[in-house]
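Notes for the one structure printed next.
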Amino acid sequence: MDALLAEIESCLPTQIYGRVEEVKGLLVEVSGPVHEMSVGARLLLDVGEAQEAIQVEVVGFREGRALCLPFSGVEGLRHGSKAWLVSRESAVHPSNGWLGRVVNALGEPIDGKGPLPFGPKPMALRASPPKAAERSRVGGPIDLGVRALNTFTTCCSGQRMGIFAGSGVGKSVLMSMLARNSEADISVIGLIGERGREVQEFIEDDLGEDGLARSVVIVATSDESVLMRRQAAYLTLSVSEYFREEGHHVLCMMDSVTRFAMAQREIGLSIGEPPTSKGYTPTVFTELPKLLERAGPGRIGEGTITALFSVLVEGDNHNEPVADAVRGILDGHIVMEREIAERGRYPAVNVLKSVSRTMPRCVPDDVRPVLTKAKQLLSTYTDMEELIRLGAYQRGSDSQVDEAIRLFGGIEGFLSQEKDEKSTLAHGYLQLANLLEMTPT
């Protein structure tokens with residue numbers, strides 16, 4: 001009943017429409033009562049009885065016309081077609097009944113399991129983050145179920161991390177491991193610009209029934225419009241915020257933020273924004289913090305959103321503009337490297353280049369010497385790796401290098417983990433201490 005009342009209140013008191021004046025590519029220009037429209041408003045374009053109306057969103061204004069982009073193609077659209085204003089702001093009504101479901105960017109089910117139940121209150125798609133002074137602090141360490149992350153980049157409840165990797169390095173598999181094995185109450189997974197072929201594989205093979213049962217999956221494939229890809233990112237955060245307000249500890253994962261930025265770039269270019277760094281428009285770097293800051297701890301008394309955002313680094317360049325911007329916003333970064341994947345170690349996380357900014361205050365004091373020694377050994381081996389492989393290093397020349405060579409295979413095995421294997425936080429610390437022949441005090 002509450003959801004129905006909210007829908008009734010959101011209905012416009014009168015019918016307002018304009019007309020299509022011009023179509024340039026996917027950009028539709030609408031004239032009429034433009035003063036009644038706002039950026040983010042939704043219009044329905046009439047294309048006749050034989051075809052379903054085209055839904056568009058207002059993305060800007062120019063010379064007395066509303067600039068709109070469609071959520072689908074513009075086939076069948078005619079000059080003078082009516083453009084009905086249907087809503088001035090975008091919102092969804094998630095509920096607990098969304099768990100175990102797969103939806104598109106419009107919040108419509110695409111898994112063939114029937115309609116979705118409406119929740120009691122609307123959640124704005126482009127909500128503002130909680131005010132800084134009203135937020136609670138991040139909680140204690142959260143068990144992610146992956147040894148490499150638990151031990152070397154320990155994450156706190158409510159923290160936001162980035163997973164930086166090139167294509168085909170194993171981001172999707174790592175995210176599926178986190179969805180299945182983490183101790184979070186609920187997982188919300190956004191697949192932004194994903195290959196259509198891989199969606200079912202991810203849900204059935206990687207996520208599995210157990211992982212899906214406590215997850216909501218939002219999908220916008222690469223062939224869908226830029227608005228669908230951008231809105232899928234907004235919807236991922238809106239659904240996460242709903243569960244956070246319900247008091248749950250949410251694990252929000254998005255693959256990938258880069259495709260969100262690319263969609264925003266296309267939108268900006270289509271309405272005439274100037275390209276800046278690598279063709280990205282200024283609004284890309286305005287929208288990124290607005291999106292990413294929505295994750296994290298909620299207001300006092302609410303739950304948390306622990307977020308992991310994957311960043312697709314172009315050409316394995318970890319210093320490209322989007323990666324640089326995201327790295328500066330988030331609370332840490334996990335670096336995955338192709339060289340590690342090529343030698344058969346998965347997940348291919350480079351623990352020396354990965355950082356968790358909240359880790360220093362959430363790791364037990366007796367574990368710190370173990371982690372420090374493990375990183376020193378890995379760093380020593382990495383520095384001498386070429387000489388060791390060429391046979392130029394003579395054993396006995398340096399005791400620290402000798403120890404690094406002796407223990408490197410064991411550390412690599414420790415960092416390696418099958419996708420169906422689960423490792424707890426405490427067991428990971430103990431296992432690493434035994435490997436290094438150290439006893440936590």
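As shown in the structure tokens, the chain order sets the letters A, B, ...; within each chain, residues go from 1, and ligands are also counted from 1 in the order they appear.
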inquiry  = I want to know what sits within 12 Å of Ser277 of chain A, based on only C-alpha atoms, with residues of the same chain fewer than 2 positions away left out; could you give that as an NGL selection string?
reply    = :A and (265 or 274-275 or 279-285 or 320-322 or 324-325)
How would the residues just chosen look if you wrote them out with C-alpha atoms as an mmCIF file, in the first residue's frame?
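Wrote part-v6.cif, looks like this:
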```cif
data_model
loop_
_atom_site.group_PDB
_atom_site.id
_atom_site.type_symbol
_atom_site.label_atom_id
_atom_site.label_comp_id
_atom_site.auth_asym_id
_atom_site.auth_seq_id
_atom_site.Cartn_x
_atom_site.Cartn_y
_atom_site.Cartn_z
ATOM 1 C CA ARG A 265 31.672 10.352 -22.030
ATOM 2 C CA PRO A 274 34.368 19.491 -24.963
ATOM 3 C CA PRO A 275 36.619 16.430 -24.747
ATOM 4 C CA GLY A 279 38.410 12.278 -24.875
ATOM 5 C CA TYR A 280 36.696 12.126 -21.482
ATOM 6 C CA THR A 281 34.386 15.073 -20.866
ATOM 7 C CA PRO A 282 34.390 17.165 -17.660
ATOM 8 C CA THR A 283 31.132 15.613 -16.385
ATOM 9 C CA VAL A 284 32.834 12.199 -16.243
ATOM 10 C CA PHE A 285 35.075 13.424 -13.443
ATOM 11 C CA GLU A 320 45.106 6.345 -17.442
ATOM 12 C CA PRO A 321 42.619 9.131 -16.503
ATOM 13 C CA VAL A 322 39.731 7.069 -15.090
ATOM 14 C CA ASP A 324 43.807 7.909 -11.630
ATOM 15 C CA ALA A 325 40.514 9.595 -10.719
#
```
*Where in segment 149-358 of chain A does DSSP assign helix (DSSP H, G or I), given as a PyMOL selection string?*
chain A and resi 149-152+171-181+196-213+226-245+257-270+277-279+282-292+314-316+321-329+338-342
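The neighbours of segment 373-376 of chain A here are the residues that come within 9 Å of it, using only C-alpha atoms and leaving out any residue fewer than 5 positions away in the same chain; they are Phe152, Val351, Leu352, Arg368, Tyr381, Ala404, Ile411, Leu432 and Leu436 of chain A.
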Generate the output file for the selected residues, N, CA, C and O atoms, as a PDB file, in the first residue's frame.
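Result written to part-v3.pdb:
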```pdb
ATOM      1  N   PHE A 152      46.673  -9.412   2.980  1.00  0.00           N
ATOM      2  CA  PHE A 152      47.540  -8.319   2.544  1.00  0.00           C
ATOM      3  C   PHE A 152      46.800  -7.014   2.270  1.00  0.00           C
ATOM      4  O   PHE A 152      47.420  -5.948   2.235  1.00  0.00           O
ATOM      5  N   VAL A 351      50.218  -8.196  -4.525  1.00  0.00           N
ATOM      6  CA  VAL A 351      50.000  -7.696  -3.160  1.00  0.00           C
ATOM      7  C   VAL A 351      50.952  -6.559  -2.806  1.00  0.00           C
ATOM      8  O   VAL A 351      50.676  -5.776  -1.887  1.00  0.00           O
ATOM      9  N   LEU A 352      52.078  -6.454  -3.522  1.00  0.00           N
ATOM     10  CA  LEU A 352      53.014  -5.368  -3.238  1.00  0.00           C
ATOM     11  C   LEU A 352      52.500  -4.031  -3.745  1.00  0.00           C
ATOM     12  O   LEU A 352      52.824  -2.978  -3.189  1.00  0.00           O
ATOM     13  N   ARG A 368      51.040  -8.157  12.599  1.00  0.00           N
ATOM     14  CA  ARG A 368      51.793  -7.181  11.804  1.00  0.00           C
ATOM     15  C   ARG A 368      53.199  -7.658  11.437  1.00  0.00           C
ATOM     16  O   ARG A 368      53.627  -7.513  10.285  1.00  0.00           O
ATOM     17  N   TYR A 381      62.502 -10.903  -3.469  1.00  0.00           N
ATOM     18  CA  TYR A 381      62.502 -11.835  -4.596  1.00  0.00           C
ATOM     19  C   TYR A 381      62.215 -11.087  -5.903  1.00  0.00           C
ATOM     20  O   TYR A 381      62.853 -11.349  -6.930  1.00  0.00           O
ATOM     21  N   ALA A 404      64.299 -15.604   0.748  1.00  0.00           N
ATOM     22  CA  ALA A 404      63.211 -15.251  -0.167  1.00  0.00           C
ATOM     23  C   ALA A 404      63.037 -16.333  -1.236  1.00  0.00           C
ATOM     24  O   ALA A 404      61.911 -16.702  -1.583  1.00  0.00           O
ATOM     25  N   ILE A 411      54.833 -18.969  -0.579  1.00  0.00           N
ATOM     26  CA  ILE A 411      54.007 -17.755  -0.548  1.00  0.00           C
ATOM     27  C   ILE A 411      53.113 -17.693  -1.785  1.00  0.00           C
ATOM     28  O   ILE A 411      51.939 -17.322  -1.705  1.00  0.00           O
ATOM     29  N   LEU A 432      49.741 -18.152   7.058  1.00  0.00           N
ATOM     30  CA  LEU A 432      50.908 -17.381   6.631  1.00  0.00           C
ATOM     31  C   LEU A 432      52.007 -17.420   7.706  1.00  0.00           C
ATOM     32  O   LEU A 432      53.190 -17.549   7.382  1.00  0.00           O
ATOM     33  N   LEU A 436      55.848 -18.923   7.220  1.00  0.00           N
ATOM     34  CA  LEU A 436      57.077 -18.158   7.460  1.00  0.00           C
ATOM     35  C   LEU A 436      57.816 -18.619   8.705  1.00  0.00           C
ATOM     36  O   LEU A 436      58.797 -17.992   9.128  1.00  0.00           O
TER      37      LEU A 436
END
```
Proximity check segment 80-113 of chain A to segment 227-235 of chain A, 9 Å, nearest pairs one decimal Å, only C-alpha atoms, as a Markdown table:
```
| residue | atom | partner | partner_atom | distance |
| --- | --- | --- | --- | --- |
| A:Ala91 | CA | A:Leu235 | CA | 8.9 |
| A:Val92 | CA | A:Leu235 | CA | 8.0 |
| A:Asn104 | CA | A:Ala232 | CA | 7.1 |
| A:Ala105 | CA | A:Ala232 | CA | 4.2 |
| A:Leu106 | CA | A:Gln231 | CA | 7.5 |
| A:Gly107 | CA | A:Leu235 | CA | 7.6 |
```
Selection above as a file: C-alpha atoms, as a compact mmCIF listing (two decimals), in the first residue's frame:
```txt
# COMPACT_ATOMS: atom_id res chain seq x y z
CA ALA A 91 13.29 6.29 -8.74
CA VAL A 92 12.94 2.56 -8.09
CA ASN A 104 18.04 -4.69 -16.13
CA ALA A 105 18.92 -1.02 -15.71
CA LEU A 106 15.23 -0.05 -15.53
CA GLY A 107 14.63 -2.40 -12.60
```
Check your understanding: What lies within 8 Å of segment 75-81 of chain A using only C-alpha atoms, ignoring chain neighbours under 2 positions off, as an NGL selection string?
Key -> :A and (19-22 or 45-47 or 51 or 73 or 83)
From the list A:Gly48, A:Val326, A:Ser270, A:Met262, the nearest residue to Lys24 of chain A using only C-alpha atoms is A:Ser270
_Please list as a list of chain:residue names every residue within 12 Å of Val370 of chain A, counting only C-alpha atoms and excluding residues in the same chain fewer than 3 positions away._
A:Thr151, A:Phe152, A:Val363, A:Pro364, A:Asp365, A:Asp366, A:Val367, A:Lys373, A:Ala374, A:Lys375, A:Gln376, A:Leu377, A:Gly428, A:Tyr429, A:Leu430, A:Gln431, A:Leu432, A:Ala433, A:Asn434, A:Leu435, A:Leu436, A:Glu437, A:Met438, A:Thr439, A:Pro440, A:Thr441
Residue with the minimum atom-to-atom distance to Ile110 of chain A, picked from A:Gln200, A:Asn96, A:Thr424, A:Ser87 with only C-alpha atoms counted, is A:Gln200
Of A:Gly100, A:Pro120, A:Gly298, A:Gly196, the one sitting nearest Gly208 of chain A when using only C-alpha atoms is A:Gly100
Segment 52-58 of chain A: which residues within 6 Å, counting only C-alpha atoms, same-chain residues fewer than 3 positions away excluded, as an MDAnalysis selection string?
chainID A and resid 39:47 67:71
- Which residues in segment 91-268 of chain A does DSSP call strand (DSSP E or B)? List them as a VMD selection string. chain A and resid 91 to 92 101 to 103 109 123 to 124 135 141 156 160 to 165 186 to 194 215 to 221 249 to 255
Selected residues, N, CA, C and O atoms, written as a short mmCIF file (atom, residue, chain, number, x, y, z; two decimals), in the first residue's frame, please.
```cif
data_model
loop_
_atom_site.label_atom_id
_atom_site.label_comp_id
_atom_site.auth_asym_id
_atom_site.auth_seq_id
_atom_site.Cartn_x
_atom_site.Cartn_y
_atom_site.Cartn_z
N ALA A 91 13.21 7.01 -10.01
CA ALA A 91 13.29 6.29 -8.74
C ALA A 91 12.89 4.84 -8.97
O ALA A 91 12.24 4.50 -9.96
N VAL A 92 13.31 3.97 -8.05
CA VAL A 92 12.94 2.56 -8.09
C VAL A 92 12.40 2.17 -6.72
O VAL A 92 12.57 2.91 -5.74
N ARG A 101 17.38 -12.36 -7.75
CA ARG A 101 16.84 -11.97 -9.05
C ARG A 101 17.88 -11.25 -9.90
O ARG A 101 18.86 -10.68 -9.40
N VAL A 102 17.63 -11.26 -11.22
CA VAL A 102 18.48 -10.56 -12.19
C VAL A 102 17.60 -9.53 -12.88
O VAL A 102 16.54 -9.87 -13.43
N VAL A 103 18.02 -8.27 -12.86
CA VAL A 103 17.20 -7.19 -13.42
C VAL A 103 18.03 -6.36 -14.39
O VAL A 103 19.27 -6.41 -14.38
N PRO A 109 12.65 -7.29 -14.39
CA PRO A 109 13.25 -8.63 -14.31
C PRO A 109 13.59 -9.17 -15.70
O PRO A 109 12.83 -9.00 -16.65
N MET A 123 13.41 4.81 -4.05
CA MET A 123 14.82 5.13 -3.87
C MET A 123 15.29 5.86 -5.12
O MET A 123 15.21 5.33 -6.23
N ALA A 124 15.74 7.09 -4.95
CA ALA A 124 16.19 7.89 -6.09
C ALA A 124 17.39 7.24 -6.76
O ALA A 124 18.30 6.75 -6.09
N ARG A 135 27.60 10.52 8.91
CA ARG A 135 28.00 9.14 8.67
C ARG A 135 28.68 8.53 9.88
O ARG A 135 29.44 9.20 10.59
N PRO A 141 37.21 -5.37 10.64
CA PRO A 141 37.59 -6.09 9.43
C PRO A 141 36.48 -7.03 8.97
O PRO A 141 35.81 -7.67 9.79
N CYS A 156 37.82 -3.22 5.78
CA CYS A 156 36.88 -2.99 6.87
C CYS A 156 35.46 -2.86 6.33
O CYS A 156 35.25 -2.50 5.17
N ARG A 160 35.59 1.27 0.74
CA ARG A 160 35.44 1.24 -0.72
C ARG A 160 36.80 0.96 -1.35
O ARG A 160 37.76 1.69 -1.11
N MET A 161 36.86 -0.10 -2.15
CA MET A 161 38.12 -0.51 -2.78
C MET A 161 37.95 -0.58 -4.29
O MET A 161 36.84 -0.85 -4.79
N GLY A 162 39.03 -0.40 -5.00
CA GLY A 162 39.03 -0.56 -6.45
C GLY A 162 39.82 -1.79 -6.84
O GLY A 162 40.84 -2.11 -6.23
N ILE A 163 39.33 -2.51 -7.85
CA ILE A 163 40.06 -3.65 -8.42
C ILE A 163 40.53 -3.22 -9.80
O ILE A 163 39.73 -3.07 -10.73
N PHE A 164 41.82 -2.99 -9.94
CA PHE A 164 42.39 -2.45 -11.18
C PHE A 164 43.01 -3.60 -11.97
O PHE A 164 43.92 -4.28 -11.49
N ALA A 165 42.53 -3.79 -13.19
CA ALA A 165 43.03 -4.91 -14.00
C ALA A 165 42.71 -4.69 -15.46
O ALA A 165 41.75 -3.97 -15.81
N ILE A 186 24.27 -9.34 2.31
CA ILE A 186 23.68 -9.27 0.97
C ILE A 186 24.73 -8.77 -0.01
O ILE A 186 25.55 -7.91 0.33
N SER A 187 24.70 -9.31 -1.23
CA SER A 187 25.57 -8.82 -2.30
C SER A 187 24.72 -8.17 -3.38
O SER A 187 23.69 -8.73 -3.78
N VAL A 188 25.15 -7.01 -3.85
CA VAL A 188 24.52 -6.35 -4.99
C VAL A 188 25.59 -6.21 -6.06
O VAL A 188 26.63 -5.59 -5.83
N ILE A 189 25.34 -6.83 -7.22
CA ILE A 189 26.37 -6.93 -8.26
C ILE A 189 25.88 -6.20 -9.51
O ILE A 189 24.82 -6.53 -10.05
N GLY A 190 26.63 -5.22 -9.95
CA GLY A 190 26.31 -4.49 -11.17
C GLY A 190 27.26 -4.87 -12.28
O GLY A 190 28.47 -4.68 -12.16
N LEU A 191 26.71 -5.44 -13.36
CA LEU A 191 27.52 -5.80 -14.54
C LEU A 191 27.26 -4.74 -15.60
O LEU A 191 26.24 -4.76 -16.30
N ILE A 192 28.19 -3.80 -15.73
CA ILE A 192 28.00 -2.63 -16.58
C ILE A 192 28.76 -2.82 -17.89
O ILE A 192 29.98 -2.97 -17.88
N GLY A 193 28.04 -2.84 -19.00
CA GLY A 193 28.68 -3.02 -20.30
C GLY A 193 29.29 -4.39 -20.47
O GLY A 193 30.26 -4.57 -21.21
N GLU A 194 28.72 -5.39 -19.81
CA GLU A 194 29.25 -6.76 -19.85
C GLU A 194 28.93 -7.41 -21.18
O GLU A 194 27.97 -7.06 -21.86
N SER A 215 21.90 -12.44 -3.42
CA SER A 215 22.41 -11.36 -4.27
C SER A 215 21.30 -10.77 -5.13
O SER A 215 20.28 -11.42 -5.39
N VAL A 216 21.52 -9.55 -5.55
CA VAL A 216 20.73 -8.92 -6.62
C VAL A 216 21.73 -8.58 -7.73
O VAL A 216 22.76 -7.96 -7.47
N VAL A 217 21.44 -9.02 -8.96
CA VAL A 217 22.34 -8.79 -10.08
C VAL A 217 21.68 -7.81 -11.04
O VAL A 217 20.56 -8.05 -11.51
N ILE A 218 22.37 -6.71 -11.34
CA ILE A 218 21.87 -5.70 -12.28
C ILE A 218 22.74 -5.79 -13.53
O ILE A 218 23.97 -5.74 -13.44
N VAL A 219 22.11 -5.93 -14.68
CA VAL A 219 22.84 -6.19 -15.93
C VAL A 219 22.52 -5.14 -16.98
O VAL A 219 21.35 -4.83 -17.23
N ALA A 220 23.55 -4.60 -17.61
CA ALA A 220 23.42 -3.79 -18.82
C ALA A 220 24.53 -4.23 -19.75
O ALA A 220 25.70 -3.95 -19.49
N THR A 221 24.19 -4.95 -20.81
CA THR A 221 25.21 -5.51 -21.70
C THR A 221 25.78 -4.44 -22.63
O THR A 221 25.23 -3.34 -22.75
N HIS A 249 24.41 -5.35 6.22
CA HIS A 249 25.79 -5.12 5.78
C HIS A 249 25.89 -5.63 4.34
O HIS A 249 25.80 -6.82 4.08
N VAL A 250 26.04 -4.70 3.42
CA VAL A 250 25.94 -4.99 1.98
C VAL A 250 27.33 -5.01 1.35
O VAL A 250 28.17 -4.16 1.65
N LEU A 251 27.56 -5.99 0.49
CA LEU A 251 28.76 -6.01 -0.36
C LEU A 251 28.32 -5.60 -1.75
O LEU A 251 27.59 -6.33 -2.42
N CYS A 252 28.72 -4.40 -2.17
CA CYS A 252 28.35 -3.88 -3.49
C CYS A 252 29.55 -4.04 -4.42
O CYS A 252 30.65 -3.56 -4.12
N MET A 253 29.33 -4.70 -5.56
CA MET A 253 30.40 -4.91 -6.54
C MET A 253 29.94 -4.42 -7.89
O MET A 253 28.82 -4.70 -8.31
N MET A 254 30.82 -3.70 -8.57
CA MET A 254 30.48 -3.15 -9.88
C MET A 254 31.60 -3.45 -10.87
O MET A 254 32.76 -3.17 -10.60
N ASP A 255 31.22 -4.01 -11.99
CA ASP A 255 32.17 -4.35 -13.05
C ASP A 255 31.61 -3.80 -14.38
O ASP A 255 30.74 -4.41 -14.97
#
```
**OP:** Write out as JSON, numbers by chain each polymer residue whose atoms come within 9 Å of Arg244 of chain A, counting only C-alpha atoms; drop sequence neighbours fewer than 3 positions from it.
**Re:** {"A": [239, 240, 241, 247, 248, 249, 250, 297, 298, 302, 303, 304, 305]}
Residues of segment 394-437 of chain A within 9 Å of segment 174-178 of chain A: nearest atom pair and distance (Å, one decimal) for each, counting only C-alpha atoms, sorted by chain and number, as a tab-separated table?
```
residue	atom	partner	partner_atom	distance
A:Lys419	CA	A:Met177	CA	5.9
A:Asp420	CA	A:Met177	CA	7.3
A:Glu421	CA	A:Met177	CA	8.3
A:Lys422	CA	A:Met177	CA	8.1
```
Among A:Ala133, A:Ala348, A:Ile271, A:Ile203, Arg62 of chain A is approached most closely, using only C-alpha atoms, by A:Ile271
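Residue nearest Asn350 of chain A, chosen from A:Ser182, A:Ser238, A:Thr153, A:Ser172 and counting only C-alpha atoms: A:Thr153.
Between atom CA of Val257 of chain A and atom CA of Arg214 of chain A there is a distance of 22.8 Å.
Across the structure, atom CA of Leu312 of chain A and atom CA of Cys155 of chain A are spaced 21.1 Å apart.
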